[in-house]
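Structure file upload30.csv (CSV, C-alpha atoms) is printed below.
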```
chain,number,residue,atom,x,y,z
C,1,MET,CA,9.4,153.7,129.7
C,2,ILE,CA,9.4,150.0,130.3
C,3,GLY,CA,11.3,147.9,127.7
C,4,ALA,CA,13.0,150.9,126.3
C,5,ARG,CA,16.8,150.5,125.6
C,6,LYS,CA,19.0,152.2,128.1
C,7,ARG,CA,21.5,154.7,126.6
C,8,ILE,CA,25.1,153.6,127.0
C,9,GLY,CA,27.1,156.4,128.6
C,10,PRO,CA,30.7,157.5,127.8
C,11,ALA,CA,32.1,155.8,130.9
C,12,ILE,CA,30.8,152.4,129.8
C,13,ASP,CA,32.1,152.9,126.3
C,14,ALA,CA,35.5,153.8,127.7
C,15,ALA,CA,35.6,150.7,130.0
C,16,VAL,CA,34.6,148.4,127.1
C,17,GLY,CA,37.3,150.0,124.9
C,18,LYS,CA,39.9,149.4,127.5
C,19,ALA,CA,38.9,145.8,127.9
C,20,ILE,CA,39.1,145.2,124.1
C,21,ASN,CA,42.5,147.0,124.0
C,22,TYR,CA,43.8,144.8,126.8
C,23,GLU,CA,42.8,141.6,125.0
C,24,ILE,CA,44.4,142.8,121.8
C,25,THR,CA,47.6,143.7,123.7
C,26,ILE,CA,47.7,140.2,125.4
C,27,ALA,CA,47.2,138.5,122.1
C,28,ASP,CA,49.9,140.6,120.4
C,29,LEU,CA,52.3,139.9,123.2
C,30,ALA,CA,51.7,136.2,122.8
C,31,ARG,CA,52.3,136.4,119.1
C,32,ARG,CA,55.5,138.3,119.7
C,33,SER,CA,56.7,135.8,122.3
C,34,GLU,CA,56.0,132.9,119.8
C,35,ARG,CA,57.9,134.7,117.1
C,36,ARG,CA,60.8,135.3,119.5
C,37,ALA,CA,60.8,131.6,120.5
C,38,TRP,CA,60.9,130.5,116.9
C,39,ARG,CA,63.8,132.8,116.2
C,40,VAL,CA,65.7,131.5,119.2
C,41,ALA,CA,65.0,127.9,118.2
C,42,GLY,CA,66.1,128.6,114.6
C,43,ALA,CA,69.4,130.2,115.8
C,44,SER,CA,70.1,127.3,118.1
C,45,LEU,CA,69.5,124.8,115.3
C,46,LEU,CA,71.8,126.7,113.0
C,47,MET,CA,74.5,126.8,115.7
C,48,SER,CA,74.2,123.1,116.3
C,49,LEU,CA,74.6,122.3,112.6
C,50,CYS,CA,77.6,124.6,112.4
C,51,LEU,CA,79.2,122.8,115.5
C,52,ALA,CA,78.4,119.4,113.9
C,53,ALA,CA,80.1,120.4,110.7
C,54,VAL,CA,83.2,121.7,112.5
C,55,LEU,CA,83.4,118.4,114.5
C,56,ALA,CA,83.0,116.3,111.3
C,57,TRP,CA,85.8,118.4,109.7
C,58,MET,CA,88.1,117.8,112.7
C,59,GLN,CA,87.6,114.1,112.8
C,60,PRO,CA,89.4,112.0,113.9
C,61,LEU,CA,90.0,114.0,117.1
C,62,LYS,CA,92.8,111.6,118.1
C,63,ARG,CA,95.3,110.5,115.4
C,64,ASP,CA,98.3,108.2,115.8
C,65,VAL,CA,101.2,109.4,113.8
C,66,PRO,CA,104.0,106.8,113.6
C,67,TYR,CA,107.6,107.9,113.7
C,68,LEU,CA,110.9,106.1,113.2
C,69,VAL,CA,113.9,106.9,115.3
C,70,MET,CA,116.9,106.9,113.0
C,71,ALA,CA,120.4,106.8,114.6
C,72,ASP,CA,123.6,107.7,112.7
C,73,ALA,CA,125.9,104.7,112.7
C,74,TYR,CA,129.0,106.8,113.2
C,75,THR,CA,128.0,109.7,115.5
C,76,GLY,CA,125.1,108.0,117.3
C,77,THR,CA,122.9,111.1,116.8
C,78,ALA,CA,119.2,110.2,116.8
C,79,ALA,CA,116.6,111.9,114.6
C,80,LEU,CA,112.8,111.4,114.2
C,81,THR,CA,111.4,110.6,110.8
C,82,ARG,CA,107.7,110.6,110.1
C,83,VAL,CA,106.3,107.5,108.5
C,84,ALA,CA,104.5,109.3,105.6
C,85,GLY,CA,105.3,112.1,103.3
C,86,SER,CA,108.9,112.4,104.3
C,87,PRO,CA,111.9,112.3,101.9
C,88,ASP,CA,113.8,110.3,104.5
C,89,PHE,CA,110.9,107.8,104.6
C,90,GLU,CA,110.8,107.5,100.8
C,91,ARG,CA,114.5,106.9,100.8
C,92,ILE,CA,114.2,104.1,103.4
C,93,LYS,CA,111.4,102.4,101.4
C,94,ALA,CA,113.6,102.5,98.3
C,95,SER,CA,116.5,100.9,100.2
C,96,ASP,CA,117.3,97.4,98.9
C,97,ALA,CA,118.5,96.2,102.3
C,98,VAL,CA,115.2,97.3,103.9
C,99,ASN,CA,113.0,95.6,101.3
C,100,ARG,CA,115.0,92.4,101.5
C,101,SER,CA,114.7,92.4,105.2
C,102,ASN,CA,111.0,92.9,105.2
C,103,ILE,CA,110.6,90.2,102.5
C,104,ALA,CA,112.9,87.8,104.4
C,105,HIS,CA,111.0,88.2,107.7
C,106,TYR,CA,107.7,87.7,105.9
C,107,MET,CA,108.8,84.6,104.1
C,108,LEU,CA,110.3,82.9,107.2
C,109,ALA,CA,107.1,83.6,109.2
C,110,ARG,CA,104.8,82.5,106.3
C,111,GLU,CA,106.5,79.2,105.3
C,112,SER,CA,107.8,78.0,108.6
C,113,TYR,CA,105.6,75.6,110.7
C,114,ASP,CA,105.9,74.5,114.3
C,115,ALA,CA,102.8,73.5,116.2
C,116,ASP,CA,104.5,74.4,119.5
C,117,ARG,CA,105.3,78.0,118.3
C,118,MET,CA,101.9,79.1,117.0
C,119,ALA,CA,101.9,82.0,119.6
C,120,ASN,CA,105.3,83.1,118.6
C,121,PRO,CA,105.6,86.9,117.8
C,122,GLU,CA,106.6,85.9,114.3
C,123,TRP,CA,103.0,84.9,113.7
C,124,ARG,CA,101.7,88.2,114.9
C,125,MET,CA,104.1,90.0,112.5
C,126,LEU,CA,102.8,87.9,109.7
C,127,TYR,CA,99.3,89.2,110.3
C,128,THR,CA,100.5,92.8,110.4
C,129,MET,CA,102.3,92.4,107.1
C,130,SER,CA,99.5,90.8,105.1
C,131,SER,CA,96.4,92.3,103.4
C,132,HIS,CA,93.0,91.0,104.2
C,133,ASP,CA,92.9,88.7,101.1
C,134,VAL,CA,96.4,87.3,101.7
C,135,ILE,CA,95.7,86.5,105.4
C,136,SER,CA,92.5,84.8,104.5
C,137,GLN,CA,94.4,82.7,102.0
C,138,TYR,CA,96.9,81.8,104.8
C,139,ARG,CA,94.2,80.9,107.2
C,140,THR,CA,92.7,78.5,104.7
C,141,GLU,CA,96.0,76.9,104.0
C,142,ARG,CA,96.8,76.4,107.8
C,143,ASP,CA,93.3,75.3,108.8
C,144,HIS,CA,93.7,72.0,110.7
C,145,ARG,CA,90.6,70.7,108.8
C,146,ASN,CA,92.4,71.2,105.5
C,147,PRO,CA,94.0,67.8,104.5
C,148,ASP,CA,96.8,69.7,102.8
C,149,SER,CA,97.7,71.8,105.8
C,150,PRO,CA,101.0,71.3,107.6
C,151,TYR,CA,99.1,70.3,110.7
C,152,ALA,CA,97.3,67.5,108.9
C,153,GLN,CA,100.5,66.3,107.1
C,154,TYR,CA,103.1,66.6,109.9
C,155,GLY,CA,101.2,66.9,113.1
C,156,THR,CA,102.9,68.2,116.3
C,157,GLN,CA,106.1,66.1,116.1
C,158,THR,CA,107.5,67.5,112.9
C,159,ALA,CA,108.4,71.1,112.1
C,160,ILE,CA,109.2,72.9,108.8
C,161,ARG,CA,112.3,75.1,108.7
C,162,VAL,CA,112.9,77.5,105.9
C,163,LYS,CA,116.2,78.4,104.2
C,164,LEU,CA,116.1,81.4,101.9
C,165,LEU,CA,118.2,80.9,98.7
C,166,SER,CA,117.6,84.2,96.9
C,167,ILE,CA,115.5,87.3,96.9
C,168,THR,CA,115.0,89.2,93.7
C,169,PRO,CA,112.9,92.5,94.0
C,170,ILE,CA,111.0,93.4,90.9
C,171,GLY,CA,109.2,96.6,89.6
C,172,GLY,CA,111.4,99.2,91.4
C,173,SER,CA,113.9,101.9,90.5
C,174,PRO,CA,116.7,103.8,92.3
C,175,SER,CA,114.2,106.3,93.7
C,176,LYS,CA,111.1,104.1,93.9
C,177,PRO,CA,110.6,101.0,96.1
C,178,PRO,CA,109.9,97.7,94.2
C,179,THR,CA,106.3,96.4,94.0
C,180,GLY,CA,107.1,92.7,94.2
C,181,ALA,CA,109.7,90.0,94.5
C,182,THR,CA,110.5,86.4,93.6
C,183,VAL,CA,111.9,84.4,96.4
C,184,ARG,CA,113.5,81.0,96.1
C,185,PHE,CA,113.6,79.0,99.3
C,186,GLN,CA,114.2,75.5,100.6
C,187,ARG,CA,112.0,73.7,103.1
C,188,LEU,CA,113.5,71.4,105.7
C,189,LEU,CA,111.7,68.9,107.9
C,190,PHE,CA,112.8,68.9,111.5
C,191,ASP,CA,112.0,66.1,113.9
C,192,ASN,CA,111.1,67.6,117.3
C,193,LYS,CA,112.0,64.4,119.1
C,194,SER,CA,115.3,63.2,117.5
C,195,GLY,CA,116.5,66.6,116.2
C,196,ALA,CA,117.1,65.1,112.7
C,197,THR,CA,116.7,67.3,109.7
C,198,ARG,CA,116.1,66.3,106.1
C,199,ALA,CA,115.4,68.4,103.0
C,200,LEU,CA,111.8,68.4,101.8
C,201,ASP,CA,111.7,70.5,98.6
C,202,ASN,CA,112.5,73.7,96.8
C,203,LYS,CA,109.9,76.4,96.2
C,204,ILE,CA,109.6,79.7,94.5
C,205,ALA,CA,107.3,82.4,95.8
C,206,THR,CA,106.0,85.4,93.8
C,207,ILE,CA,104.8,88.2,96.0
C,208,GLU,CA,103.5,91.7,95.5
C,209,PHE,CA,103.7,94.3,98.3
C,210,LYS,CA,103.5,98.0,99.1
C,211,TYR,CA,104.1,100.3,102.0
C,212,ASN,CA,100.7,101.3,103.3
C,213,ASP,CA,101.1,104.6,105.1
C,214,ALA,CA,97.5,104.6,106.2
C,215,LEU,CA,97.6,101.2,107.8
C,216,LYS,CA,96.4,101.5,111.4
C,217,MET,CA,98.4,99.6,114.1
C,218,ASN,CA,98.7,99.5,117.8
C,219,ASP,CA,102.0,100.0,119.5
C,220,GLU,CA,103.0,96.4,119.5
C,221,ASP,CA,102.3,96.0,115.8
C,222,SER,CA,104.2,99.2,115.0
C,223,ILE,CA,107.3,97.7,116.7
C,224,ALA,CA,107.1,94.6,114.5
C,225,ASN,CA,106.3,96.5,111.3
C,226,PRO,CA,107.2,100.2,111.6
C,227,LEU,CA,107.3,100.9,107.9
C,228,ARG,CA,103.8,99.5,107.3
C,229,PHE,CA,105.1,96.8,104.8
C,230,GLN,CA,102.1,94.9,103.5
C,231,VAL,CA,101.9,91.9,101.1
C,232,THR,CA,99.0,92.2,98.7
C,233,SER,CA,99.5,89.0,96.6
C,234,TYR,CA,101.2,85.7,97.4
C,235,HIS,CA,101.7,82.6,95.2
C,236,VAL,CA,104.0,79.6,95.6
C,237,ASP,CA,105.1,77.1,93.0
C,238,ASN,CA,107.6,74.2,92.8
C,239,ASP,CA,111.1,75.5,91.8
C,240,ALA,CA,111.8,73.5,88.7
C,241,THR,CA,115.1,75.4,87.9
C,242,THR,CA,116.8,74.2,91.1
C,243,PRO,CA,117.8,70.6,91.5
C,244,PRO,CA,116.4,68.7,94.5
C,245,PRO,CA,118.5,69.4,97.6
C,246,PRO,CA,120.6,66.7,99.1
C,247,GLU,CA,119.3,65.2,102.3
C,248,ILE,CA,120.9,66.5,105.5
C,249,ALA,CA,121.0,64.4,108.5
C,250,MET,CA,121.6,66.0,111.9
C,251,ALA,CA,122.6,64.2,115.1
C,252,PRO,CA,120.0,64.3,117.8
C,253,ALA,CA,120.4,67.2,120.2
C,254,ASN,CA,121.1,64.9,123.1
C,255,ALA,CA,123.6,62.7,121.2
C,256,PRO,CA,127.2,62.6,122.4
C,257,GLY,CA,129.3,65.2,120.7
C,258,ALA,CA,126.3,67.2,119.5
C,259,THR,CA,126.7,70.9,119.5
C,260,PRO,CA,124.6,72.5,122.3
```
Is it possible to give me this structure as structure tokens?
Amino acid sequence: MIGARKRIGPAIDAAVGKAINYEITIADLARRSERRAWRVAGASLLMSLCLAAVLAWMQPLKRDVPYLVMADAYTGTAALTRVAGSPDFERIKASDAVNRSNIAHYMLARESYDADRMANPEWRMLYTMSSHDVISQYRTERDHRNPDSPYAQYGTQTAIRVKLLSITPIGGSPSKPPTGATVRFQRLLFDNKSGATRALDNKIATIEFKYNDALKMNDEDSIANPLRFQVTSYHVDNDATTPPPPEIAMAPANAPGATP
């Protein structure tokens, strides 16, 4: 009969069913693959975060640990002492001789002036022994544009030599290093041409300092300042308790009879 609907046989139904099942299987495999990819991506992200946390915990990967080589004066035996957290290091910091030595080296480098010796290692040591505020203060004082600077007052032909009169540590105890010191010193003017020297004035400096174990230095600075001595405050006044020094005249270096 024309226009009548053909009956679908079992074979066609089976073929259609297989096609539908195939499409469902392909879609299911795609969903499974997508879920698997997300799991792998999540695991990779978690592992990356764990590795980043471990690296952050291990920082810094390279750490410079300063040591002092201590030699026994009688036996000559050498021993290493770590510059931090060591009883030997604490004993060294509390030593009056060590503190006076650091203070003396700092004062001589800070108050001396010679235009021809600006690149002297003493100047580098001054920078390693000063905090940021103290070295900024020093730069302002020594700026050639400052009318009160030694360069503006004495130029290149006159130098300033320093003679330390006394060093009095303050704020310490037998088992604890001092936290400051008062230093009385005399300034002398030295003529670079004639070699003549005359007294200029007497001063008194009040300084505060500490031993900064965390101070980072290169090898050259560690040699100049192995104990990490650092001045945190520095102030100078005229010493009113000491009478003006007598003038001292020295013969020129090339004069007959002068000591070489």
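In this comparison, which uses all atoms listed in the file, the residue of C:Val231, C:Val236, C:Ala37, C:Ala152 approaching Ile135 in chain C most closely is C:Val231.
Closest to Leu164 in chain C among C:Thr241, C:Thr197, C:Ser136, C:Asn202 is C:Asn202, based on only C-alpha atoms.
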Completion exercise
Students should find that CA of Leu108 in chain C and CA of Trp123 in chain C are spaced 10.0 Å
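The nearest approach to Asp221 in chain C among the residues C:Ala196, C:Ile167, C:Met129, C:Val162, with all atoms listed in the file taken into account, belongs to C:Met129.
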Practice task
Taking the point (115.2, 88.8, 104.9) as given in the file, collect each protein or nucleic acid residue that comes within 12 Å of it, counting only C-alpha atoms, and present the set as a list in words.
Solution key: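 Residues close enough to count: Asp96, Ala97, Val98, Asn99, Arg100, Ser101, Asn102, Ile103, Ala104, His105, Tyr106, Met107, Leu108, Ala109, Val162, Lys163, Leu164, Leu165, Ser166, Ile167, Thr168, Pro169, Ala181, Val183, Arg184 and Phe185 of chain C.
Across C:Gln230, C:Asn218, C:Thr182, C:Gln157, the tightest approach to Ala205 in chain C is made by C:Thr182 when counting all atoms listed in the file.
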Practice task
Excluding Glu208 in chain C and residues on its chain fewer than 3 positions from it, collect all residues at most 7 Å away from it, counting only C-alpha atoms, and give them as a ChimeraX atom specification.
Solution key: /C:179-181,231-234
Exercise for the section: Choose the residue, out of C:Phe209, C:Thr156, C:Val134, C:Ile204, that has the smallest atom-to-atom separation from Pro177 in chain C; count only C-alpha atoms. Expected result: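 Checking each candidate against Pro177 in chain C, we get C:Phe209 as the closest.
Among the candidates C:Ala240, C:Ala199, C:Met58, C:Leu189, the one nearest to Ser112 in chain C when counting only C-alpha atoms is C:Leu189.
Relative to CA of Thr158 in chain C, CA of Arg145 in chain C is found at 17.7 Å.
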Fill in the blank from the handout: CA of Arg187 in chain C sits from CA of Glu141 in chain C at a separation of 16.3 Å
Could N, CA and C atoms be built for range 130-141 of chain C and written out as a PDB file, in the coordinates of the input?
```
ATOM      1  N   SER C 130     100.278  91.394 106.156  1.00  0.00           N
ATOM      2  CA  SER C 130      99.500  90.800 105.100  1.00  0.00           C
ATOM      3  C   SER C 130      98.165  91.597 104.924  1.00  0.00           C
ATOM      4  N   SER C 131      97.732  91.720 103.672  1.00  0.00           N
ATOM      5  CA  SER C 131      96.400  92.300 103.400  1.00  0.00           C
ATOM      6  C   SER C 131      95.331  91.344 103.793  1.00  0.00           C
ATOM      7  N   HIS C 132      94.102  91.796 103.740  1.00  0.00           N
ATOM      8  CA  HIS C 132      93.000  91.000 104.200  1.00  0.00           C
ATOM      9  C   HIS C 132      92.871  89.697 103.310  1.00  0.00           C
ATOM     10  N   ASP C 133      93.016  89.835 101.987  1.00  0.00           N
ATOM     11  CA  ASP C 133      92.900  88.700 101.100  1.00  0.00           C
ATOM     12  C   ASP C 133      94.049  87.684 101.343  1.00  0.00           C
ATOM     13  N   VAL C 134      95.237  88.198 101.551  1.00  0.00           N
ATOM     14  CA  VAL C 134      96.400  87.300 101.700  1.00  0.00           C
ATOM     15  C   VAL C 134      96.285  86.565 103.060  1.00  0.00           C
ATOM     16  N   ILE C 135      95.849  87.226 104.116  1.00  0.00           N
ATOM     17  CA  ILE C 135      95.700  86.500 105.400  1.00  0.00           C
ATOM     18  C   ILE C 135      94.593  85.543 105.390  1.00  0.00           C
ATOM     19  N   SER C 136      93.539  85.808 104.612  1.00  0.00           N
ATOM     20  CA  SER C 136      92.500  84.800 104.500  1.00  0.00           C
ATOM     21  C   SER C 136      92.959  83.582 103.750  1.00  0.00           C
ATOM     22  N   GLN C 137      93.789  83.792 102.736  1.00  0.00           N
ATOM     23  CA  GLN C 137      94.400  82.700 102.000  1.00  0.00           C
ATOM     24  C   GLN C 137      95.274  81.840 102.990  1.00  0.00           C
ATOM     25  N   TYR C 138      96.031  82.512 103.845  1.00  0.00           N
ATOM     26  CA  TYR C 138      96.900  81.800 104.800  1.00  0.00           C
ATOM     27  C   TYR C 138      96.075  81.015 105.804  1.00  0.00           C
ATOM     28  N   ARG C 139      94.992  81.577 106.288  1.00  0.00           N
ATOM     29  CA  ARG C 139      94.200  80.900 107.200  1.00  0.00           C
ATOM     30  C   ARG C 139      93.580  79.592 106.636  1.00  0.00           C
ATOM     31  N   THR C 140      93.187  79.673 105.362  1.00  0.00           N
ATOM     32  CA  THR C 140      92.700  78.500 104.700  1.00  0.00           C
ATOM     33  C   THR C 140      93.732  77.416 104.553  1.00  0.00           C
ATOM     34  N   GLU C 141      94.945  77.835 104.198  1.00  0.00           N
ATOM     35  CA  GLU C 141      96.000  76.900 104.000  1.00  0.00           C
ATOM     36  C   GLU C 141      96.406  76.217 105.357  1.00  0.00           C
TER      37      GLU C 141
END
```
